[in-house]
Amino acid sequence: MNTLGLIVPCYNEQEVLELFYNETSKIISGLSEVFSCELIFVDDGSSDNTLSIIKNLALKDPAVKYISFSRNFGKEAAMLAGMSYAVKFDYIGIMDADLQHSPSLIPEMLSYVYSGEYDVAAARREDRAGEDKLKSKLSESFYKVINRVSEISLNESAQDFRIMSKKVVEAVLSLPENIRFSKGIFSWVGFNVKWIAHENRERAAGQTKWSIRKLFKYAFDGILGFTNSPLRLGFFCGAFFAVISLFALIYGIVRNSISPEYISSLPYILAAMFFIGAVMLVFMGVLGEYIGRIYTESKNRPKFVISETNTRQNIL
Ligand code: UDP
Ligand code: MG
C-alpha cells in the first residue's frame, strides 16, 4: 500500500473545518484501494475552537492527526511542522483549510506524481477573479521584482497546493533557514513540476488571515532570502553619484572661469549633501535588513513550539 499524508495548516478556521473534512475525506476514501491516507492538521495557535474541532475529528477518524502550536507561528512554520512529520509517507500534499484548494483535484495531482513522470504536482490559479485589486497589483509587481533580481524563478500564479514525492520533501527539509519563504524554497530545490490549472475559488467560510502588512513582510522575506542584489545596488548608486558629482565639479570650474560674478553655490552643496546622506541611509537600511537576518538565523531558534499532538513522534 502506498502512503499519502495531506498537510492542512489551520489558523482560526472553525467555520470551515467540518466542511473541509467532509469534502476531503470523501475524496480520500475514493483513493483507499491504492493509498492509505492521513490528514495532518497543523493548528497554528488558533484562538477559536479550531483545535477542539480537529480533536473531535481525530476521535472519530484514526486517519486524522493533529499538531498544535503553542502560539501563532505563521503558515510557513505550520507547513514545516507538517512536512517534518509527513516525510515518512511516500507522497506528501499541502492544502489550505478554507476549500480554496479543491480536494477534487487531489486524484489528478496524485496520478502525475504516482506515475513517476513528475516529482511534484502543483496547482496554479487560472485567474485572480474575486481577489482584492490592490493585492493583485502588489503581488504582480512583487513577482516581477523577485524574478528579475533573484536566482530563483517563481510562478506568479502558483498556489500553496501541491503533492510531492518523499524526496522533494526531504530536500525541502534539508534547508535549515529560520526565515522561511516556501515558494522560494520549493522553486530552489527544483525537480520536475507538473502545473495544473485550477479555478480561483472563494473561501468557503471564515476570513483571510493575510493583511497588507503581512503580505509586505512576506514579500521582503522572499526577496531578501533569495538574493543579495540589494546589497550590490549600493555600489551602483555610489558609482552613479560619483559620476554626477564629477560633472558638477567640472561645471562649477568652467562656469567660474567664464563668469567670475558667479553668485552662490551653497544651495547646490546643500542639496547634494542631503541627497548623498539620504542614499547612504537607504543603503545602511538595506545592510541593517541583512544583518538582522544574520542575527535571527544565528540564534537558530526552533521554528515552532508544539503544545499538543497525536502524532507521537519527535519532530524537529
Ligand atoms: N494559516 C496559518 N497560519 C497563519 C495564517 C494562515 O496556518 O498565520 C492557514 C489558514 O488557516 C489557511 C491557509 O493558511 O488554511 C491560507 O490562509 P488564508 O486562506 O487566510 O490565505 P489566503 O487564501 O487569503 O491567501
Ligand atoms: Mg484562503
# chains A, B, ... in the order shown; residues from 1 in each chain; ligands from 1
call {"tool": "residues_near_ligand", "arguments": {"ligand": "ligand 2", "cutoff": "7 Å", "atoms": "only C-alpha atoms and all ligand atoms", "output": "PyMOL selection string"}}
result
chain A and resi 96+98+100+203+208
call {"tool": "closest_atom_pairs", "arguments": {"of": "chain A", "to": "ligand 1", "cutoff": "9 Å", "atoms": "only C-alpha atoms and all ligand atoms", "output": "tab-separated table"}}
result
residue	atom	partner	partner_atom_place_in_ligand_line	distance
A:Val8	CA	ligand 1	15 (O)	6.3
A:Pro9	CA	ligand 1	7 (O)	4.1
A:Cys10	CA	ligand 1	11 (O)	3.4
A:Tyr11	CA	ligand 1	11 (O)	3.8
A:Asn12	CA	ligand 1	11 (O)	6.2
A:Glu13	CA	ligand 1	11 (O)	5.7
A:Val42	CA	ligand 1	7 (O)	7.1
A:Asp43	CA	ligand 1	7 (O)	6.7
A:Asp44	CA	ligand 1	7 (O)	5.1
A:Gly45	CA	ligand 1	3 (N)	8.0
A:Ser46	CA	ligand 1	3 (N)	8.3
A:Asn72	CA	ligand 1	8 (O)	6.0
A:Phe73	CA	ligand 1	8 (O)	6.4
A:Gly74	CA	ligand 1	8 (O)	3.6
A:Lys75	CA	ligand 1	3 (N)	3.8
A:Glu76	CA	ligand 1	3 (N)	7.5
A:Ala77	CA	ligand 1	7 (O)	8.1
A:Ala78	CA	ligand 1	7 (O)	5.7
A:Met79	CA	ligand 1	7 (O)	7.7
A:Met95	CA	ligand 1	15 (O)	7.1
A:Asp96	CA	ligand 1	15 (O)	3.7
A:Ala97	CA	ligand 1	15 (O)	3.9
A:Asp98	CA	ligand 1	15 (O)	5.6
A:Leu99	CA	ligand 1	15 (O)	8.4
A:Gln100	CA	ligand 1	23 (O)	6.8
A:His101	CA	ligand 1	23 (O)	8.9
A:Glu131	CA	ligand 1	24 (O)	9.0
A:Gln159	CA	ligand 1	25 (O)	8.9
A:Asp160	CA	ligand 1	16 (C)	8.3
A:Glu202	CA	ligand 1	23 (O)	8.6
A:Arg203	CA	ligand 1	19 (O)	6.8
A:Gly206	CA	ligand 1	19 (O)	8.6
A:Gln207	CA	ligand 1	20 (O)	6.3
A:Thr208	CA	ligand 1	20 (O)	3.4
A:Lys209	CA	ligand 1	20 (O)	3.5
A:Trp210	CA	ligand 1	20 (O)	5.5
A:Ser211	CA	ligand 1	24 (O)	8.8
call {"tool": "atom_distance", "arguments": {"atom1": "CA of Leu134 in chain A", "atom2": "CA of Phe220 in chain A"}}
result
17.5 Å
call {"tool": "residues_around", "arguments": {"residues": "range 169-178 of chain A", "least_positions_apart": "6", "cutoff": "10 Å", "atoms": "only C-alpha atoms", "output": "number ranges by chain"}}
result
A: 76-77, 80-81, 83-84, 86-93, 120, 163, 185-191, 225, 293, 296-304
call {"tool": "select_by_dssp", "arguments": {"residues": "range 26-164 of chain A", "states": "helix (DSSP H, G or I)", "output": "ChimeraX atom specification"}}
result
/A:26-30,50-60,75-86,103-114,133-149
call {"tool": "select_by_dssp", "arguments": {"residues": "range 4-243 of chain A", "states": "strand (DSSP E)", "output": "PyMOL selection string"}}
result
chain A and resi 4-10+35-43+64-69+91-94+120-125+158-165+193-198
call {"tool": "closest_residue", "arguments": {"among": "A:Gly5, A:Val305, A:Glu38, A:Arg312", "to": "Arg71 in chain A", "atoms": "only C-alpha atoms"}}
result
A:Val305
call {"tool": "closest_atom_pairs", "arguments": {"of": "range 154-225 of chain A", "to": "range 105-110 of chain A", "cutoff": "12 Å", "atoms": "only C-alpha atoms", "output": "JSON lines"}}
result
{"residue": "A:Phe161", "atom": "CA", "partner": "A:Ile106", "partner_atom": "CA", "distance": 9.5}
{"residue": "A:Arg162", "atom": "CA", "partner": "A:Met109", "partner_atom": "CA", "distance": 7.6}
{"residue": "A:Ile163", "atom": "CA", "partner": "A:Leu110", "partner_atom": "CA", "distance": 6.5}
{"residue": "A:Met164", "atom": "CA", "partner": "A:Leu110", "partner_atom": "CA", "distance": 8.4}
{"residue": "A:Ser165", "atom": "CA", "partner": "A:Leu110", "partner_atom": "CA", "distance": 9.4}
{"residue": "A:Val193", "atom": "CA", "partner": "A:Met109", "partner_atom": "CA", "distance": 10.6}
{"residue": "A:Lys194", "atom": "CA", "partner": "A:Met109", "partner_atom": "CA", "distance": 8.3}
{"residue": "A:Trp195", "atom": "CA", "partner": "A:Met109", "partner_atom": "CA", "distance": 9.0}
{"residue": "A:Ile196", "atom": "CA", "partner": "A:Met109", "partner_atom": "CA", "distance": 7.7}
{"residue": "A:Ala197", "atom": "CA", "partner": "A:Leu105", "partner_atom": "CA", "distance": 9.9}
{"residue": "A:His198", "atom": "CA", "partner": "A:Leu105", "partner_atom": "CA", "distance": 8.3}
{"residue": "A:Glu199", "atom": "CA", "partner": "A:Leu105", "partner_atom": "CA", "distance": 10.6}
call {"tool": "write_last_selection", "arguments": {"atoms": "N, CA, C and O atoms", "output": "PDB file, in the first residue's frame"}}
result
ATOM      1  N   PHE A 161      -0.709  24.705  -3.033  1.00  0.00           N
ATOM      2  CA  PHE A 161      -1.497  23.477  -3.105  1.00  0.00           C
ATOM      3  C   PHE A 161      -0.691  22.531  -3.976  1.00  0.00           C
ATOM      4  O   PHE A 161      -0.543  22.766  -5.168  1.00  0.00           O
ATOM      5  N   ARG A 162      -0.115  21.505  -3.352  1.00  0.00           N
ATOM      6  CA  ARG A 162       0.770  20.647  -4.108  1.00  0.00           C
ATOM      7  C   ARG A 162       0.845  19.255  -3.522  1.00  0.00           C
ATOM      8  O   ARG A 162       0.566  19.056  -2.344  1.00  0.00           O
ATOM      9  N   ILE A 163       1.223  18.319  -4.381  1.00  0.00           N
ATOM     10  CA  ILE A 163       1.516  16.978  -3.904  1.00  0.00           C
ATOM     11  C   ILE A 163       2.924  16.645  -4.352  1.00  0.00           C
ATOM     12  O   ILE A 163       3.292  16.909  -5.505  1.00  0.00           O
ATOM     13  N   MET A 164       3.724  16.137  -3.423  1.00  0.00           N
ATOM     14  CA  MET A 164       5.136  15.907  -3.715  1.00  0.00           C
ATOM     15  C   MET A 164       5.529  14.485  -3.357  1.00  0.00           C
ATOM     16  O   MET A 164       4.897  13.858  -2.518  1.00  0.00           O
ATOM     17  N   SER A 165       6.597  14.012  -3.995  1.00  0.00           N
ATOM     18  CA  SER A 165       7.112  12.724  -3.571  1.00  0.00           C
ATOM     19  C   SER A 165       8.032  12.952  -2.379  1.00  0.00           C
ATOM     20  O   SER A 165       8.435  14.073  -2.093  1.00  0.00           O
ATOM     21  N   VAL A 193       8.186  19.593 -12.157  1.00  0.00           N
ATOM     22  CA  VAL A 193       6.903  20.042 -11.621  1.00  0.00           C
ATOM     23  C   VAL A 193       5.822  20.028 -12.693  1.00  0.00           C
ATOM     24  O   VAL A 193       6.027  20.541 -13.790  1.00  0.00           O
ATOM     25  N   LYS A 194       4.707  19.407 -12.397  1.00  0.00           N
ATOM     26  CA  LYS A 194       3.560  19.456 -13.299  1.00  0.00           C
ATOM     27  C   LYS A 194       2.605  20.524 -12.775  1.00  0.00           C
ATOM     28  O   LYS A 194       2.096  20.426 -11.656  1.00  0.00           O
ATOM     29  N   TRP A 195       2.379  21.568 -13.553  1.00  0.00           N
ATOM     30  CA  TRP A 195       1.459  22.625 -13.123  1.00  0.00           C
ATOM     31  C   TRP A 195       0.061  22.305 -13.606  1.00  0.00           C
ATOM     32  O   TRP A 195      -0.132  21.969 -14.770  1.00  0.00           O
ATOM     33  N   ILE A 196      -0.874  22.395 -12.716  1.00  0.00           N
ATOM     34  CA  ILE A 196      -2.252  22.094 -13.070  1.00  0.00           C
ATOM     35  C   ILE A 196      -3.098  23.343 -12.865  1.00  0.00           C
ATOM     36  O   ILE A 196      -3.079  23.936 -11.770  1.00  0.00           O
ATOM     37  N   ALA A 197      -3.810  23.745 -13.905  1.00  0.00           N
ATOM     38  CA  ALA A 197      -4.645  24.944 -13.793  1.00  0.00           C
ATOM     39  C   ALA A 197      -5.809  24.667 -12.856  1.00  0.00           C
ATOM     40  O   ALA A 197      -6.381  23.579 -12.859  1.00  0.00           O
ATOM     41  N   HIS A 198      -6.114  25.650 -12.071  1.00  0.00           N
ATOM     42  CA  HIS A 198      -7.083  25.450 -11.004  1.00  0.00           C
ATOM     43  C   HIS A 198      -7.872  26.745 -10.889  1.00  0.00           C
ATOM     44  O   HIS A 198      -7.302  27.808 -10.780  1.00  0.00           O
ATOM     45  N   GLU A 199      -9.169  26.624 -10.959  1.00  0.00           N
ATOM     46  CA  GLU A 199     -10.018  27.814 -10.918  1.00  0.00           C
ATOM     47  C   GLU A 199      -9.927  28.480  -9.541  1.00  0.00           C
ATOM     48  O   GLU A 199      -9.895  27.792  -8.532  1.00  0.00           O
TER      49      GLU A 199
END
call {"tool": "residues_around", "arguments": {"residues": "Ser32 in chain A", "least_positions_apart": "5", "cutoff": "12 Å", "atoms": "only C-alpha atoms", "output": "PyMOL selection string"}}
result
chain A and resi 1-4+25-27+37-38+63+107
call {"tool": "atom_distance", "arguments": {"atom1": "CA of Lys166 in chain A", "atom2": "CA of Val113 in chain A"}}
result
10.4 Å
call {"tool": "residues_around", "arguments": {"residues": "Tyr66 in chain A", "least_positions_apart": "2", "cutoff": "6 Å", "atoms": "only C-alpha atoms", "output": "PyMOL selection string"}}
result
chain A and resi 40-42+309-310
call {"tool": "closest_residue", "arguments": {"among": "A:Glu289, A:Glu140, A:Asp127, A:Glu18", "to": "Ala58 in chain A", "atoms": "only C-alpha atoms"}}
result
A:Glu18
